[in-house]
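Enquirer: Once you've had a glance at the structure underneath, I'll fire off some questions.
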Amino acid sequence: MTGQAAACGPWPRRIVDKAAWRAASDLLAAGDRSLLGLWGEAATVHLALFDEAAGGIEILTLDCPDRTFPSIARVHPPALRLERTVRDLFGLQPVGLPDTRPWLDHGCWGVTHPLAIPPGPAAEPGRYEFLPSEGESLHQIPVGPVHAGIIEPGHFRFTANGETVVRLEERLGYVHKGIEGLMAGADLERGAKLAGRISGDSIVAYGIAFASAAEAASGVEPPQRAIWLRALMAELERLANHFGDVGAICNDAAFAIMLAHCGVLRERTLRIAEASFGHRLMRDLVMPGGVATDLAGTAEQQIRAFAAEASKRFAWLVALYDHTTSLLDRTVGTGVLSPAEARLYACGGPVGRASGRTFDARRMPGYAPYDRLRWEVPTLDDGDVNARILIRMREVEQSLALILQLLDGMPPGPICAALPTPSGATAEGAALVEGFRGDILVWLRIDGDGKILRCHLRDPSWFQWPLLESVIEGNIVADFPLCNKSFNCSYSGHDL
Amino acid sequence: MRRLLLESLFGGPLTEAPPLVDEASLAELAGAVDRAARQRLGRSLSIRQVDAGSCNGCELEIHALGNAFYDLERFGLRFVASPRHADVLLVTGPVTKSMREALERTWRATPDPKWVVAAGDCARDGGLFAGSYACVGGVSAVVPVDLHIPGCPPSPTALLRGLLALMEKPASV
C-alpha cells in the first residue's frame, strides 16, 4: 500500500486515496489485517491496521474534501459502531454504511457533530428504532440505562422466546462525556488527567497509553525506573481487576463465597497500591515523561509479603472453583464466543484469549519492560464463561510473578524526564497498551506550543461489546449476567 | 471449601471499626435533614446508586463498601435494586446530558422522604469534565443534593463517613 508518508511515531502513517482505502477494507474483510481503530478529524478519517503475521502496525489517512469516505463496515462489520461514531461526532458520511442510526448521539447535546468545524445546529431527540425480531411468541425485555446493581449505565433490549434469548441489542452512549472534545486545546498535563479518567478501572493503563503516545510525539525517553514503576502499577491494576472479576462472575452464579474472598484480595491489592504509591486506584501517577511518585519507603517488603499471601490464598480459590461442580455447571458451555468471531473482531484481552487469540499488546507489538521479563500469555479455545474465568485466573498468577520480577530488576535512578520545550512544529505519536481488559489505542497530535490538537483513545470494549450480543443468543435470560460479567466491557471507556 | 470456612471461623474478622462521622458532612446536613424523617426511618437506610456519567472509579469504591473490611450492612445501610425501595440516591458522575432524563426519572420514582448524596468530584461541579458539550456539570443542576462526598474517587472510608453522617443526629441541632 503506497501513499504519502506522515510522521507519527512509532508507526508509519500514510495519506492514501479512496482506492487504497477500499483496498484496506478488502484486506480487513479477507482477514489479512486486523482493525485496531477508526477515528475522525474535522476533514479526515484514520484507520489503524495490524498485520498479525508480520507484527506491524500501520495508520492510513484519507482526506474527505466532500465530507464522505467509503465505509469499511460495508465489508467488515467490526468497523460499524466506529463509523457511526465518526458520523455523530464529525458529520463525515461513510458511504455504504449498513446501519445509519446514530450511535453515541442521543439527540440531547444541544449540538450536532460537536467535533466538526463548525459544529452543526441542535437537533430534536429522535426515536431510536431497535432492530426488528420476527416470529411467534417473542417478547421484549428492556433493561437500563439505570441498572439494578452498582454498575455503569447502558440499555439492553432483549428479545426472548420464553426463557431463551433470540436477540440482544445494546444501546450505549449514555456516559458520553465529550472527552475527545475536552482534549482539544488542552496541554499534556491536563490531557494525561483526562486520559486517566476515561475508565476508572484502567487508570494506569490509560495513563501509560497516553504518556507513551505523548513521549513518541515529543521525542522524549522516560527514565528506565519510570518504565519499570509503570509496569508495577499496571500489574497491580490488572490484579485488582481480575480479583474483582473472578469474584463477581461467580457471584452472578450465586456463589457468594468467591466474591467475599476475592473482594478481600482486591481490597488488599488496593491497599498495597495506596501504601506504595499513595492512591488506591493510582490516580494521576503516570504522566508524560515518567511517573509522579516513587515507591514509598517500606513498600517493596509489603508488596513481596502481599504477593506471597495472595498467591497462597488465590490458589485455594482456584481449587474451590475447580471442585465446585454446581458452579461449573453454570459456567461451562455458557456464552460461547467462537474463535472465528473473536478473530474477525480482533477481540483483545482475556475475552479474546479465552477464544483462541494469542494477542497481548505487552508481547506484540510489545513494549518495555516486558521484553526483559519471563512470562506467558495464557490462551484457551473454549470461549465460554468458564474459559474467561480460567484465563483471568492464569493471568493473576502471571501478574503475581511479574510483580516479583519487577521488584527484583527495578533499576535505580530518576523517575521522570522533563519534556522538551515545544519545537514549534506539530508532532504525532501513538501507542498500544495492554490494560486488564485488552489493548488500548491512543493517537495524539500536538501543535507547535505543545497543546493537543486531536487525541483519540480507543477502548478494547469497542471490539468486545458487539460480540456480547452474539454470545448471548440461544442462552437463557438468567445467564445474561454471567455472560456480561465474564466480558466486563467498559461503558465509560466506550462512550468516551 | 472446608479450609476456607474453617479459616474464616477461627481467623478473626477483617471488619474494621467504623470511621468517625465527618464533621463537615454533619454541618452540611444540619439544615437539610429533618428530625421527624429520621425518627420514621430509624437507623436504617436503603440506598439506590445511580451512575450519571462517572468513569466507573466511584462505582468501584462504592462496591468496596460491601467487602469484609467495611461491611456496610452492619450499619443498617444497604443497596437496593429499585428507586422505589430507596431512601437515598447515591449519585456519581458529572451528569451527562444523555443521563439527565434517567436521573430525573429515578429521583421522581424514589418515595419521600428522600435524600440525594452526590459522590465524587465530578458529581459536585462536573470536575474535569465541566464545560463539555455532553455534560450538565454536577448533580445539583438536575436534582436537589443534601450531601457531597468529595474525592476522585472518594475512598470507601470517606464514603462510609458521609453515609454515617446521614444516620447520625447532627451534633449542632
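Chain lettering (A, B, ...) mirrors the order of the C-alpha cells, residue numbering begins at 1 for each chain separately, and ligand numbering begins at 1 in order of display.
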Write out as a ChimeraX atom specification all residues of stretch 1-162 of chain B that backbone DSSP assigns to alpha helix (DSSP H).
Expert: /B:2-10,23-30,35-41,57-64,97-109,121-125,156-162
Enquirer: If we count only C-alpha atoms, which residues of chain A reach to within 8 Å of chain B? Please list them as a ChimeraX atom specification.
Expert: /A:106,108-111,114,145-153,173-179,181-182,194,197-201,260,263-264,267,280-281,283,316,320,492-493
Enquirer: As an MDAnalysis selection string, list the residues of stretch 75-313 of chain A assigned to strand (DSSP E) by DSSP on the backbone atoms of this structure.
Expert: chainID A and resid 93:95 138:143 155:161 164:171 286:287 290:291
Enquirer: Now that the selection is made, can you save its residues with C-alpha atoms as a compact mmCIF listing (two decimals), in the first residue's frame?
Expert:
# COMPACT_ATOMS: atom_id res chain seq x y z
CA GLN A 93 -20.59 10.34 5.94
CA PRO A 94 -19.41 6.75 5.47
CA VAL A 95 -20.73 5.82 2.01
CA LEU A 138 -41.49 -13.32 21.08
CA HIS A 139 -41.41 -10.75 23.84
CA GLN A 140 -39.06 -7.89 24.58
CA ILE A 141 -37.30 -7.10 27.86
CA PRO A 142 -35.88 -3.59 28.11
CA VAL A 143 -33.09 -3.17 30.69
CA HIS A 155 -29.51 -0.08 27.63
CA PHE A 156 -30.02 -3.71 26.70
CA ARG A 157 -33.00 -4.73 24.60
CA PHE A 158 -33.64 -8.46 24.82
CA THR A 159 -36.00 -10.31 22.57
CA ALA A 160 -36.80 -13.66 24.12
CA ASN A 161 -38.79 -16.73 23.27
CA THR A 164 -34.29 -18.20 25.52
CA VAL A 165 -32.76 -15.03 24.17
CA VAL A 166 -33.13 -14.78 20.41
CA ARG A 167 -31.66 -11.30 20.09
CA LEU A 168 -29.84 -8.83 22.28
CA GLU A 169 -29.30 -5.32 21.07
CA GLU A 170 -27.13 -2.89 23.02
CA ARG A 171 -27.66 0.82 23.05
CA VAL A 286 1.60 8.17 35.24
CA MET A 287 2.41 11.30 33.26
CA GLY A 290 7.68 9.35 33.70
CA VAL A 291 5.76 8.84 36.91
Enquirer: Do a neighbour search on A:Ala308 at 12 Å with only C-alpha atoms, toss out local chain neighbours closer than 2 positions, and write the hits as a list in words.
Expert: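 Once the adjacent positions are removed, what remains is Leu265, Gln301, Gln302, Ile303, Arg304, Ala305, Phe306, Ala310, Ser311, Lys312, Arg313, Phe314, Ala315, Glu397, Leu400, Ala401, Ile403 and Leu404 of chain A.
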Enquirer: Give me a file of those residues, with N, CA and C atoms, as a short mmCIF file (atom, residue, chain, number, x, y, z; two decimals), in the first residue's frame.
Expert:
data_model
loop_
_atom_site.label_atom_id
_atom_site.label_comp_id
_atom_site.auth_asym_id
_atom_site.auth_seq_id
_atom_site.Cartn_x
_atom_site.Cartn_y
_atom_site.Cartn_z
N LEU A 265 -9.10 -10.04 48.58
CA LEU A 265 -7.84 -9.94 47.83
C LEU A 265 -7.78 -8.63 47.05
N GLN A 301 8.98 -4.44 50.63
CA GLN A 301 8.74 -5.59 51.50
C GLN A 301 7.24 -5.87 51.60
N GLN A 302 6.45 -4.80 51.67
CA GLN A 302 4.99 -5.00 51.77
C GLN A 302 4.44 -5.69 50.53
N ILE A 303 4.93 -5.26 49.35
CA ILE A 303 4.44 -5.86 48.11
C ILE A 303 4.85 -7.34 48.06
N ARG A 304 6.08 -7.64 48.47
CA ARG A 304 6.54 -9.04 48.44
C ARG A 304 5.68 -9.91 49.37
N ALA A 305 5.40 -9.39 50.57
CA ALA A 305 4.58 -10.14 51.51
C ALA A 305 3.18 -10.33 50.96
N PHE A 306 2.65 -9.27 50.35
CA PHE A 306 1.31 -9.35 49.75
C PHE A 306 1.28 -10.40 48.64
N ALA A 310 -1.14 -13.50 48.69
CA ALA A 310 -2.18 -13.56 47.67
C ALA A 310 -2.03 -14.82 46.83
N SER A 311 -0.78 -15.22 46.53
CA SER A 311 -0.57 -16.45 45.73
C SER A 311 -1.14 -17.65 46.47
N LYS A 312 -0.89 -17.72 47.77
CA LYS A 312 -1.36 -18.85 48.56
C LYS A 312 -2.89 -18.88 48.59
N ARG A 313 -3.47 -17.73 48.91
CA ARG A 313 -4.93 -17.69 49.07
C ARG A 313 -5.65 -17.86 47.74
N PHE A 314 -5.08 -17.28 46.69
CA PHE A 314 -5.76 -17.40 45.40
C PHE A 314 -5.73 -18.84 44.92
N ALA A 315 -4.64 -19.57 45.23
CA ALA A 315 -4.58 -20.98 44.85
C ALA A 315 -5.73 -21.76 45.50
N GLU A 397 -1.96 -15.32 38.20
CA GLU A 397 -0.69 -15.99 38.55
C GLU A 397 0.49 -15.33 37.83
N LEU A 400 1.23 -11.90 39.45
CA LEU A 400 1.90 -12.02 40.75
C LEU A 400 3.38 -12.33 40.56
N ALA A 401 3.69 -13.17 39.55
CA ALA A 401 5.09 -13.49 39.28
C ALA A 401 5.81 -12.27 38.68
N ILE A 403 5.19 -9.14 39.22
CA ILE A 403 5.43 -8.13 40.25
C ILE A 403 6.75 -8.40 40.97
N LEU A 404 7.01 -9.68 41.28
CA LEU A 404 8.26 -10.01 41.97
C LEU A 404 9.46 -9.75 41.06
#
Enquirer: Would you list the contacts of A:Ala427 as a PDB file with N, CA and C atoms, in the first residue's frame, taking every protein, DNA or RNA residue within 9 Å and counting only C-alpha atoms, but skipping same-chain residues closer than 2 positions in sequence?
Expert:
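Ended up saving to selection-v4.pdb:
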ATOM      1  N   ALA A   7       4.651  11.848   9.578  1.00  0.00           N
ATOM      2  CA  ALA A   7       5.434  11.460  10.744  1.00  0.00           C
ATOM      3  C   ALA A   7       4.515  11.147  11.913  1.00  0.00           C
ATOM      4  N   CYS A   8       4.532   9.926  12.374  1.00  0.00           N
ATOM      5  CA  CYS A   8       3.746   9.536  13.543  1.00  0.00           C
ATOM      6  C   CYS A   8       4.487   8.414  14.244  1.00  0.00           C
ATOM      7  N   GLY A   9       5.249   8.770  15.292  1.00  0.00           N
ATOM      8  CA  GLY A   9       5.990   7.719  15.986  1.00  0.00           C
ATOM      9  C   GLY A   9       5.056   6.855  16.792  1.00  0.00           C
ATOM     10  N   ALA A 216       6.214   9.613  22.355  1.00  0.00           N
ATOM     11  CA  ALA A 216       6.572   9.350  20.957  1.00  0.00           C
ATOM     12  C   ALA A 216       6.478  10.643  20.155  1.00  0.00           C
ATOM     13  N   ALA A 217       5.463  11.466  20.462  1.00  0.00           N
ATOM     14  CA  ALA A 217       5.278  12.715  19.710  1.00  0.00           C
ATOM     15  C   ALA A 217       6.376  13.720  20.044  1.00  0.00           C
ATOM     16  N   SER A 218       6.763  13.810  21.315  1.00  0.00           N
ATOM     17  CA  SER A 218       7.739  14.845  21.675  1.00  0.00           C
ATOM     18  C   SER A 218       9.168  14.320  21.717  1.00  0.00           C
ATOM     19  N   SER A 423       8.672  22.309  20.000  1.00  0.00           N
ATOM     20  CA  SER A 423       9.601  22.573  18.899  1.00  0.00           C
ATOM     21  C   SER A 423       9.054  23.611  17.925  1.00  0.00           C
ATOM     22  N   ALA A 425       6.762  22.891  15.823  1.00  0.00           N
ATOM     23  CA  ALA A 425       6.126  22.136  14.737  1.00  0.00           C
ATOM     24  C   ALA A 425       5.118  21.157  15.334  1.00  0.00           C
ATOM     25  N   GLY A 429       2.070  11.087  17.807  1.00  0.00           N
ATOM     26  CA  GLY A 429       2.537   9.848  18.411  1.00  0.00           C
ATOM     27  C   GLY A 429       1.361   8.916  18.641  1.00  0.00           C
ATOM     28  N   LEU A 444      -2.297  10.686  19.055  1.00  0.00           N
ATOM     29  CA  LEU A 444      -2.221  12.042  19.582  1.00  0.00           C
ATOM     30  C   LEU A 444      -1.494  12.951  18.595  1.00  0.00           C
ATOM     31  N   ARG A 445      -2.005  14.171  18.398  1.00  0.00           N
ATOM     32  CA  ARG A 445      -1.271  15.165  17.625  1.00  0.00           C
ATOM     33  C   ARG A 445      -1.191  16.435  18.459  1.00  0.00           C
ATOM     34  N   ILE A 446       0.030  16.950  18.610  1.00  0.00           N
ATOM     35  CA  ILE A 446       0.201  18.190  19.377  1.00  0.00           C
ATOM     36  C   ILE A 446       0.707  19.287  18.449  1.00  0.00           C
ATOM     37  N   ASP A 447       0.370  20.528  18.797  1.00  0.00           N
ATOM     38  CA  ASP A 447       0.776  21.648  17.944  1.00  0.00           C
ATOM     39  C   ASP A 447       2.145  22.176  18.381  1.00  0.00           C
ATOM     40  N   GLY A 448       2.580  23.238  17.751  1.00  0.00           N
ATOM     41  CA  GLY A 448       3.914  23.775  17.999  1.00  0.00           C
ATOM     42  C   GLY A 448       4.118  24.289  19.411  1.00  0.00           C
ATOM     43  N   GLY A 450       2.870  22.667  22.032  1.00  0.00           N
ATOM     44  CA  GLY A 450       2.706  21.530  22.936  1.00  0.00           C
ATOM     45  C   GLY A 450       1.268  21.314  23.375  1.00  0.00           C
TER      46      GLY A 450
END
Enquirer: May I have the residues within 12 Å of B:Leu163 as number ranges by chain, using only C-alpha atoms and disregarding those fewer than 6 positions away in the same chain?
Expert: B: 18-22, 25-26, 29, 43-47, 62, 65, 72-73, 75-79, 87-90, 115-119, 146-149, 154, 156-157
Enquirer: Create the file for the chosen residues now, containing N, CA and C atoms and written as a compact mmCIF listing (two decimals), in the first residue's frame.
Expert:
# COMPACT_ATOMS: atom_id res chain seq x y z
N PRO B 18 -15.77 1.36 62.75
CA PRO B 18 -16.32 2.40 61.86
C PRO B 18 -15.51 3.69 61.99
N PRO B 19 -15.43 4.44 60.89
CA PRO B 19 -14.73 5.73 60.94
C PRO B 19 -15.57 6.75 61.68
N LEU B 20 -14.93 7.78 62.16
CA LEU B 20 -15.66 8.87 62.80
C LEU B 20 -16.50 9.59 61.75
N VAL B 21 -17.64 10.06 62.19
CA VAL B 21 -18.52 10.77 61.27
C VAL B 21 -17.85 12.08 60.86
N ASP B 22 -17.99 12.38 59.58
CA ASP B 22 -17.34 13.56 59.03
C ASP B 22 -18.03 14.84 59.50
N SER B 25 -19.59 16.99 56.81
CA SER B 25 -20.84 16.44 56.30
C SER B 25 -21.98 16.73 57.25
N LEU B 26 -21.70 16.61 58.56
CA LEU B 26 -22.75 16.87 59.55
C LEU B 26 -23.24 18.31 59.43
N LEU B 29 -25.42 18.71 56.52
CA LEU B 29 -26.71 18.05 56.66
C LEU B 29 -27.62 18.73 57.67
N ARG B 43 -32.74 3.70 62.30
CA ARG B 43 -31.34 3.68 61.92
C ARG B 43 -31.11 2.73 60.75
N SER B 44 -31.85 2.93 59.68
CA SER B 44 -31.71 2.04 58.53
C SER B 44 -31.99 2.84 57.27
N LEU B 45 -31.10 2.73 56.35
CA LEU B 45 -31.29 3.45 55.09
C LEU B 45 -31.09 2.51 53.92
N SER B 46 -31.98 2.63 52.93
CA SER B 46 -31.82 1.87 51.70
C SER B 46 -31.29 2.83 50.63
N ILE B 47 -30.26 2.39 49.94
CA ILE B 47 -29.56 3.27 49.01
C ILE B 47 -29.69 2.73 47.59
N ILE B 62 -17.54 2.29 45.72
CA ILE B 62 -18.84 2.03 46.36
C ILE B 62 -19.02 0.51 46.54
N LEU B 65 -17.46 -1.01 49.58
CA LEU B 65 -18.16 -0.87 50.87
C LEU B 65 -18.76 -2.19 51.32
N LEU B 72 -20.69 -2.72 55.02
CA LEU B 72 -21.68 -1.64 55.08
C LEU B 72 -22.96 -2.01 55.83
N GLU B 73 -23.39 -3.26 55.66
CA GLU B 73 -24.72 -3.62 56.16
C GLU B 73 -24.80 -3.66 57.69
N PHE B 75 -24.25 -1.34 59.52
CA PHE B 75 -24.76 -0.04 59.95
C PHE B 75 -26.23 0.15 59.58
N GLY B 76 -26.85 -0.88 59.01
CA GLY B 76 -28.22 -0.73 58.57
C GLY B 76 -28.31 -0.07 57.20
N LEU B 77 -27.16 0.09 56.56
CA LEU B 77 -27.14 0.66 55.22
C LEU B 77 -27.11 -0.48 54.21
N ARG B 78 -27.99 -0.40 53.20
CA ARG B 78 -27.89 -1.44 52.18
C ARG B 78 -28.28 -0.87 50.82
N PHE B 79 -27.72 -1.48 49.79
CA PHE B 79 -28.04 -1.06 48.43
C PHE B 79 -29.24 -1.83 47.92
N ASP B 87 -34.33 5.13 50.17
CA ASP B 87 -34.41 6.39 50.92
C ASP B 87 -33.39 7.38 50.40
N VAL B 88 -32.30 6.84 49.88
CA VAL B 88 -31.17 7.67 49.47
C VAL B 88 -30.79 7.33 48.04
N LEU B 89 -30.60 8.38 47.22
CA LEU B 89 -29.97 8.17 45.92
C LEU B 89 -28.51 8.59 46.05
N LEU B 90 -27.63 7.68 45.72
CA LEU B 90 -26.20 7.95 45.76
C LEU B 90 -25.76 8.14 44.31
N TRP B 115 -33.24 11.49 50.30
CA TRP B 115 -32.05 12.35 50.26
C TRP B 115 -31.21 11.99 49.05
N VAL B 116 -30.49 12.97 48.58
CA VAL B 116 -29.57 12.72 47.47
C VAL B 116 -28.15 12.99 47.96
N VAL B 117 -27.31 12.00 47.80
CA VAL B 117 -25.89 12.15 48.12
C VAL B 117 -25.12 12.13 46.81
N ALA B 118 -24.36 13.19 46.56
CA ALA B 118 -23.54 13.26 45.36
C ALA B 118 -22.12 12.85 45.74
N ALA B 119 -21.62 11.76 45.13
CA ALA B 119 -20.30 11.23 45.49
C ALA B 119 -19.30 11.50 44.37
N ASP B 146 -28.37 16.81 49.06
CA ASP B 146 -28.28 17.04 50.50
C ASP B 146 -26.86 16.95 51.02
N LEU B 147 -26.02 16.19 50.34
CA LEU B 147 -24.68 15.95 50.87
C LEU B 147 -23.72 15.63 49.73
N HIS B 148 -22.55 16.26 49.78
CA HIS B 148 -21.48 15.91 48.83
C HIS B 148 -20.41 15.12 49.56
N ILE B 149 -19.91 14.08 48.91
CA ILE B 149 -18.73 13.37 49.43
C ILE B 149 -17.63 13.58 48.40
N PRO B 154 -13.90 9.10 45.96
CA PRO B 154 -13.84 9.03 47.42
C PRO B 154 -13.46 7.62 47.84
N PRO B 156 -13.48 4.25 50.22
CA PRO B 156 -14.60 3.64 50.94
C PRO B 156 -14.78 4.26 52.33
N THR B 157 -13.67 4.61 52.99
CA THR B 157 -13.79 5.22 54.31
C THR B 157 -14.49 6.58 54.21
Enquirer: Skip A:Ala20 itself and residues of its chain fewer than 3 positions away, then list as an MDAnalysis selection string all residues within 12 Å of it, counting only C-alpha atoms.
Expert: chainID A and resid 1:4 14:17 23:27 47 60:62 69:70 72
